[in-house]
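Undergrad: Quick one: the structure is below, and I'll ask about it shortly.
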Amino acid sequence: MAQKKTYYTNHPILRNLGVIAIILLTPPSAILFWYTSQNLDGSFLELFRFLGERGIFSGIYEIWAPVFWGSATAWKIIVIFAAAQILFMKVLPGKKVHGPTTPNGFTPEYKQNGFLSFLASLFLFWLLGFQIEVFRPAMIYDHFGEILGALNVFSWFFCIILYFKGIYTPSTPDSGSSGNPLFDYYWGTDLYPHIFTINVKQFTNSRFGMMSWPLLLLAFADKQYELYGAVSDSMIVSVVLQLIYVGIFFYYESGYFKTMDIQEDRAGYYIVWGVMVWVPAVYTLTAHYLVQHPNQLGFGFSAVLVVVALLSFWSKTNMNRQRINVREHDGDYNIWGHKARIIRAKYTDNKGKERESILLVDGWWGVTRHFHYVGEILGALCWSLPALFDNFMPYFYVVYLTILLFHRAKRDDVKCRLKYGKYWDEYCQKVPYKVIPGIY
Ligand code: NDP
């Protein structure tokens, strides 16, 4: 079945150039971030000086070659972590939940045990790393470059397997080639691939990518302790806020299965490489940087950061829940003290069948069409600010996130206009701004 991807440019040359640029630039970027944070005091200026002296290609080669294939230790860490996550996915209890039915009529099913897996992962890490001391958590920091090298190579090959699997043995009807192998590798050929009964995207996005994040934070905090004999309040504030953020993610993991990452993005390089390499490398960057920069914030500043971050987390989570709840109650749902105002929007699925969905015009969804992105960005800013202002590096994630989410707001608008037509226009008339009221 031909792939319908109208919110990306359809110009063949531009599309291919964009894809090539992303595939070529992202892996060295992830490695350079790690190297700069660990070996160049987190200074991009130092990195540019280094690359200027050595030459860009030989400089990158000098940094990347020693970790390119990973190391025995790195592969061991990855295999043990992945095996534990698959085990948790399979054996921990959880009720069956469903994702939204796709335009081709497939309804994905999940076991809702994300939060239990999160707690089990933290507990096991604490038990084996800090109590029984089977391994030294700080050694993950020492081997982090090799881990990223190994993850990168693994993801490249895994995406090739997924590419062929989606073409020759797709798991669901929402699969197929666009006719452009490069774009198919990048975008994926299957929306909901399963391998040996494992839901690939639940594993890669949630249980691997998102679960690696809190464990890496703990390892980095342990490294700071090893270096300085104490963990600074800047590290504590940053790590605790991120642990809360990831904990909320897993508490509402079933909500994640209703987002664009899962509903729209096929299992290709864009999402699979992104969650398996970019998330561990970039989402953890502030804590990685803090290892060698143990600032003291004091109680006042720490408290402000915690309060603002918690409010941000609450607002964005509450906005996500409003959308899910109003749909689960078929519109019969109270928001902010009154019955929610909604639009019953009709659309036609890929089989030509008319369907109906609910667009909320109330609560946060009446403020702007993506107000939750403001909470997302503010929360990330709060866990970056403990790094203070010596370097730009610890703010890279929040800047990247801002660009990603503003682009995503645009992309989602195009998707919804294509899906809902005049109903979307009606919503946009009532809620004219995408992200920030009165501005954008
Ligand atoms: P959203 O939660 O914004 O959902 C978008 C979808 O919601 C639309 O495609 C549409 O889907 C539906 N929708 C749109 N308008 C309405 C409305 N008025 N009422 C009801 N439903 C509507 O998706 P995201 O995936 O962008 O975000 C999910 C969460 O993940 C957010 O909290 C975001 O901040 C976070 N996020 C975090 C990222 C990170 O890297 N840290 C990256 C991206 C997101 P439908 O087809 O079902 O109508």
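Residue numbering restarts at 1 in every chain; chains get A, B, ... in the order shown in the structure tokens, and ligands count up from 1 in that same order.
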Using only C-alpha atoms, determine which residues lie at most 12 Å from A:Cys382, disregarding the query and same-chain residues fewer than 2 positions distant; provide the list as number ranges by chain.
TA: A: 234, 237-242, 245, 286, 301-313, 375-380, 384-388, 394-395, 397-398
Undergrad: Just the residues within 10 Å of stretch 355-360 of chain A, please, counting only C-alpha atoms, with nothing from its chain fewer than 5 positions along; format it as a list in words.
TA: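 My reading of the contact set: Pro103, Gln322, Arg323, Ile324, Val326, Arg327, Glu328, Asp330, Gly331, Ala340, Arg341, Ile342, Ile343, Arg344, Ala345, Lys346, Tyr347, Thr348, Asp349, Trp365, Gly366, Arg369, Tyr420, Tyr423, Trp424 and Tyr427 of chain A.
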Undergrad: Can you write just those residues out, N, CA and C atoms, as an mmCIF file, in the first residue's frame?
TA:
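Contents of the output file part.cif:
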data_model
loop_
_atom_site.group_PDB
_atom_site.id
_atom_site.type_symbol
_atom_site.label_atom_id
_atom_site.label_comp_id
_atom_site.auth_asym_id
_atom_site.auth_seq_id
_atom_site.Cartn_x
_atom_site.Cartn_y
_atom_site.Cartn_z
ATOM 1 N N PRO A 103 -6.139 4.014 10.570
ATOM 2 C CA PRO A 103 -7.017 4.226 9.407
ATOM 3 C C PRO A 103 -7.290 2.922 8.642
ATOM 4 N N GLN A 322 -7.001 15.607 29.815
ATOM 5 C CA GLN A 322 -8.298 16.173 29.398
ATOM 6 C C GLN A 322 -8.715 15.598 28.049
ATOM 7 N N ARG A 323 -7.767 15.536 27.129
ATOM 8 C CA ARG A 323 -8.083 15.007 25.790
ATOM 9 C C ARG A 323 -8.515 13.543 25.873
ATOM 10 N N ILE A 324 -7.746 12.771 26.635
ATOM 11 C CA ILE A 324 -8.035 11.330 26.714
ATOM 12 C C ILE A 324 -9.368 11.105 27.424
ATOM 13 N N VAL A 326 -12.003 13.141 27.877
ATOM 14 C CA VAL A 326 -13.220 13.595 27.189
ATOM 15 C C VAL A 326 -13.604 12.594 26.096
ATOM 16 N N ARG A 327 -12.600 12.006 25.469
ATOM 17 C CA ARG A 327 -12.905 11.024 24.423
ATOM 18 C C ARG A 327 -13.403 9.717 25.043
ATOM 19 N N GLU A 328 -12.775 9.317 26.161
ATOM 20 C CA GLU A 328 -13.219 8.061 26.798
ATOM 21 C C GLU A 328 -14.654 8.166 27.306
ATOM 22 N N ASP A 330 -16.947 9.963 25.829
ATOM 23 C CA ASP A 330 -17.733 10.380 24.670
ATOM 24 C C ASP A 330 -18.273 11.812 24.831
ATOM 25 N N GLY A 331 -17.450 12.681 25.353
ATOM 26 C CA GLY A 331 -17.818 14.098 25.450
ATOM 27 C C GLY A 331 -18.571 14.467 26.715
ATOM 28 N N ALA A 340 -17.678 19.970 29.314
ATOM 29 C CA ALA A 340 -16.668 20.352 28.316
ATOM 30 C C ALA A 340 -17.318 20.738 26.986
ATOM 31 N N ARG A 341 -16.831 21.857 26.415
ATOM 32 C CA ARG A 341 -17.282 22.243 25.073
ATOM 33 C C ARG A 341 -16.451 21.455 24.056
ATOM 34 N N ILE A 342 -17.162 20.863 23.102
ATOM 35 C CA ILE A 342 -16.471 19.994 22.134
ATOM 36 C C ILE A 342 -16.990 20.239 20.717
ATOM 37 N N ILE A 343 -16.234 19.728 19.764
ATOM 38 C CA ILE A 343 -16.722 19.655 18.377
ATOM 39 C C ILE A 343 -16.753 18.173 18.017
ATOM 40 N N ARG A 344 -17.883 17.695 17.524
ATOM 41 C CA ARG A 344 -17.926 16.311 17.037
ATOM 42 C C ARG A 344 -17.475 16.335 15.579
ATOM 43 N N ALA A 345 -16.255 15.855 15.367
ATOM 44 C CA ALA A 345 -15.638 15.985 14.039
ATOM 45 C C ALA A 345 -15.742 14.678 13.267
ATOM 46 N N LYS A 346 -16.213 14.781 12.039
ATOM 47 C CA LYS A 346 -16.306 13.578 11.188
ATOM 48 C C LYS A 346 -15.073 13.511 10.289
ATOM 49 N N TYR A 347 -14.643 12.305 10.006
ATOM 50 C CA TYR A 347 -13.549 12.126 9.052
ATOM 51 C C TYR A 347 -13.734 10.777 8.359
ATOM 52 N N THR A 348 -13.029 10.609 7.254
ATOM 53 C CA THR A 348 -13.144 9.351 6.505
ATOM 54 C C THR A 348 -11.845 8.578 6.641
ATOM 55 N N ASP A 349 -11.926 7.308 7.031
ATOM 56 C CA ASP A 349 -10.681 6.530 7.181
ATOM 57 C C ASP A 349 -10.206 6.023 5.813
ATOM 58 N N TRP A 365 -7.099 22.906 26.091
ATOM 59 C CA TRP A 365 -7.230 22.831 24.621
ATOM 60 C C TRP A 365 -7.959 24.046 24.071
ATOM 61 N N GLY A 366 -8.531 24.872 24.994
ATOM 62 C CA GLY A 366 -9.149 26.121 24.578
ATOM 63 C C GLY A 366 -8.174 27.290 24.732
ATOM 64 N N ARG A 369 -3.720 25.391 20.891
ATOM 65 C CA ARG A 369 -3.912 24.028 20.387
ATOM 66 C C ARG A 369 -2.827 23.070 20.890
ATOM 67 N N TYR A 420 -9.494 16.186 9.482
ATOM 68 C CA TYR A 420 -10.814 16.681 9.901
ATOM 69 C C TYR A 420 -11.403 17.787 9.021
ATOM 70 N N TYR A 423 -13.972 20.731 10.166
ATOM 71 C CA TYR A 423 -14.096 20.680 11.632
ATOM 72 C C TYR A 423 -12.832 21.234 12.288
ATOM 73 N N TRP A 424 -11.693 20.951 11.657
ATOM 74 C CA TRP A 424 -10.429 21.494 12.183
ATOM 75 C C TRP A 424 -10.409 23.019 12.012
ATOM 76 N N TYR A 427 -12.316 24.521 14.736
ATOM 77 C CA TYR A 427 -11.538 24.525 15.987
ATOM 78 C C TYR A 427 -10.505 25.665 15.962
#
Undergrad: So how far away is atom 14 (C, counted along the ligand's line) of ligand 1 from atom CA of A:Thr368, in Å?
TA: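 Atom-to-atom, atom CA of A:Thr368 to atom 14 (C, counted along the ligand's line) of ligand 1, that is 10.6 Å.
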Undergrad: Within 9 Å of A:Leu32, counting only C-alpha atoms, which residues qualify if same-chain residues fewer than 3 places away don't, as a PyMOL selection string?
TA: chain A and resi 27-29+35-37+47+60+63-64
Undergrad: Let me see the file: selected residues, N, CA, C and O atoms, as a PDB file, in the first residue's frame.
TA:
ATOM      1  N   PRO A  27      24.243  10.739  13.950  1.00  0.00           N
ATOM      2  CA  PRO A  27      25.149   9.892  14.757  1.00  0.00           C
ATOM      3  C   PRO A  27      26.418  10.616  15.221  1.00  0.00           C
ATOM      4  O   PRO A  27      26.735  10.589  16.422  1.00  0.00           O
ATOM      5  N   PRO A  28      27.157  11.318  14.308  1.00  0.00           N
ATOM      6  CA  PRO A  28      28.349  12.002  14.835  1.00  0.00           C
ATOM      7  C   PRO A  28      27.986  13.076  15.863  1.00  0.00           C
ATOM      8  O   PRO A  28      28.748  13.302  16.810  1.00  0.00           O
ATOM      9  N   SER A  29      26.805  13.706  15.692  1.00  0.00           N
ATOM     10  CA  SER A  29      26.432  14.736  16.679  1.00  0.00           C
ATOM     11  C   SER A  29      26.310  14.120  18.070  1.00  0.00           C
ATOM     12  O   SER A  29      26.813  14.675  19.054  1.00  0.00           O
ATOM     13  N   TYR A  35      31.450  13.471  23.840  1.00  0.00           N
ATOM     14  CA  TYR A  35      32.882  13.729  23.967  1.00  0.00           C
ATOM     15  C   TYR A  35      33.122  15.127  24.547  1.00  0.00           C
ATOM     16  O   TYR A  35      33.972  15.315  25.421  1.00  0.00           O
ATOM     17  N   THR A  36      32.351  16.095  24.064  1.00  0.00           N
ATOM     18  CA  THR A  36      32.530  17.476  24.531  1.00  0.00           C
ATOM     19  C   THR A  36      32.208  17.584  26.023  1.00  0.00           C
ATOM     20  O   THR A  36      32.923  18.229  26.784  1.00  0.00           O
ATOM     21  N   SER A  37      31.107  16.917  26.401  1.00  0.00           N
ATOM     22  CA  SER A  37      30.723  16.995  27.804  1.00  0.00           C
ATOM     23  C   SER A  37      31.757  16.306  28.698  1.00  0.00           C
ATOM     24  O   SER A  37      32.112  16.807  29.760  1.00  0.00           O
ATOM     25  N   LEU A  47      35.344  22.332  21.326  1.00  0.00           N
ATOM     26  CA  LEU A  47      35.124  21.328  20.275  1.00  0.00           C
ATOM     27  C   LEU A  47      35.461  21.936  18.909  1.00  0.00           C
ATOM     28  O   LEU A  47      36.164  21.304  18.102  1.00  0.00           O
ATOM     29  N   ILE A  60      36.597  14.207  13.795  1.00  0.00           N
ATOM     30  CA  ILE A  60      35.480  13.317  14.144  1.00  0.00           C
ATOM     31  C   ILE A  60      35.974  11.865  14.188  1.00  0.00           C
ATOM     32  O   ILE A  60      35.626  11.094  15.087  1.00  0.00           O
ATOM     33  N   ILE A  63      37.729  11.057  17.393  1.00  0.00           N
ATOM     34  CA  ILE A  63      36.824  10.921  18.544  1.00  0.00           C
ATOM     35  C   ILE A  63      35.977   9.642  18.445  1.00  0.00           C
ATOM     36  O   ILE A  63      35.793   8.915  19.420  1.00  0.00           O
ATOM     37  N   TRP A  64      35.493   9.383  17.233  1.00  0.00           N
ATOM     38  CA  TRP A  64      34.479   8.327  17.065  1.00  0.00           C
ATOM     39  C   TRP A  64      35.103   6.927  16.942  1.00  0.00           C
ATOM     40  O   TRP A  64      34.557   5.946  17.469  1.00  0.00           O
TER      41      TRP A  64
END
Undergrad: Please return, as JSON, numbers by chain, all residues of stretch 141-261 of chain A that DSSP assigns to alpha helix (DSSP H) on the basis of the backbone.
TA: {"A": [141, 142, 144, 145, 146, 147, 148, 149, 150, 151, 152, 153, 154, 155, 156, 157, 158, 159, 160, 161, 162, 163, 164, 165, 166, 167, 168, 181, 182, 183, 184, 185, 186, 187, 200, 201, 211, 212, 213, 214, 215, 216, 217, 218, 219, 220, 221, 222, 223, 224, 225, 226, 227, 228, 233, 234, 235, 236, 237, 238, 239, 240, 241, 242, 243, 244, 245, 246, 247, 248, 249, 250, 251, 253, 254, 255, 256, 260, 261]}
Undergrad: Neighbours of A:Arg49 within 12 Å (only C-alpha atoms; same-chain residues fewer than 6 positions away dropped), as a ChimeraX atom specification?
TA: /A:36,40,43,55-56,59
Undergrad: Write out as a VMD selection string the residues lying within 10 Å of A:Val272, counting only C-alpha atoms and excluding same-chain residues fewer than 4 positions away.
TA: chain A and resid 155 to 156 158 to 159 162 186 to 188 200 to 201 203 to 205 209 265 to 268 276 to 278
Undergrad: Calculated over only C-alpha atoms, which of the candidates A:Ala72, A:Val435, A:Ile23, A:Leu191 has the smallest distance to A:Phe106?
TA: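 Among A:Ala72, A:Val435, A:Ile23, A:Leu191, it is A:Leu191 that comes nearest to A:Phe106.
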Undergrad: Using only C-alpha atoms and all ligand atoms, which of the listed residues (A:Glu354, A:Ser175, A:Tyr269, A:Thr101) sits closest to ligand 1?
TA: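 Checking each candidate against ligand 1, we get A:Thr101 as the closest.
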Undergrad: Report as a PyMOL selection string all protein, DNA and RNA residues lying within 12 Å of A:Tyr228, evaluated on only C-alpha atoms, omitting residues in the same chain fewer than 2 positions from it.
TA: chain A and resi 221-226+230-232+290-295
Undergrad: Nearest residue to ligand 1 out of A:Arg207, A:Lys76, A:His407, A:Lys316, using only C-alpha atoms and all ligand atoms?
TA: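 Closest to ligand 1, using only C-alpha atoms and all ligand atoms: A:Lys316.
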Undergrad: For A:Ala281, please output as a VMD selection string all residues within 12 Å (counting only C-alpha atoms; exclusion window: fewer than 6 positions along the same chain).
TA: chain A and resid 26 to 38 141 144 to 149 151 to 152 209 to 210 212 to 213 216 to 217 273 to 275 287 to 289 396 to 397
Undergrad: Calculated over only C-alpha atoms, which of the candidates A:Leu128, A:Leu87, A:Ala74, A:Ile167 has the smallest distance to A:His143?
TA: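 Selected residue with least distance to A:His143: A:Ala74.
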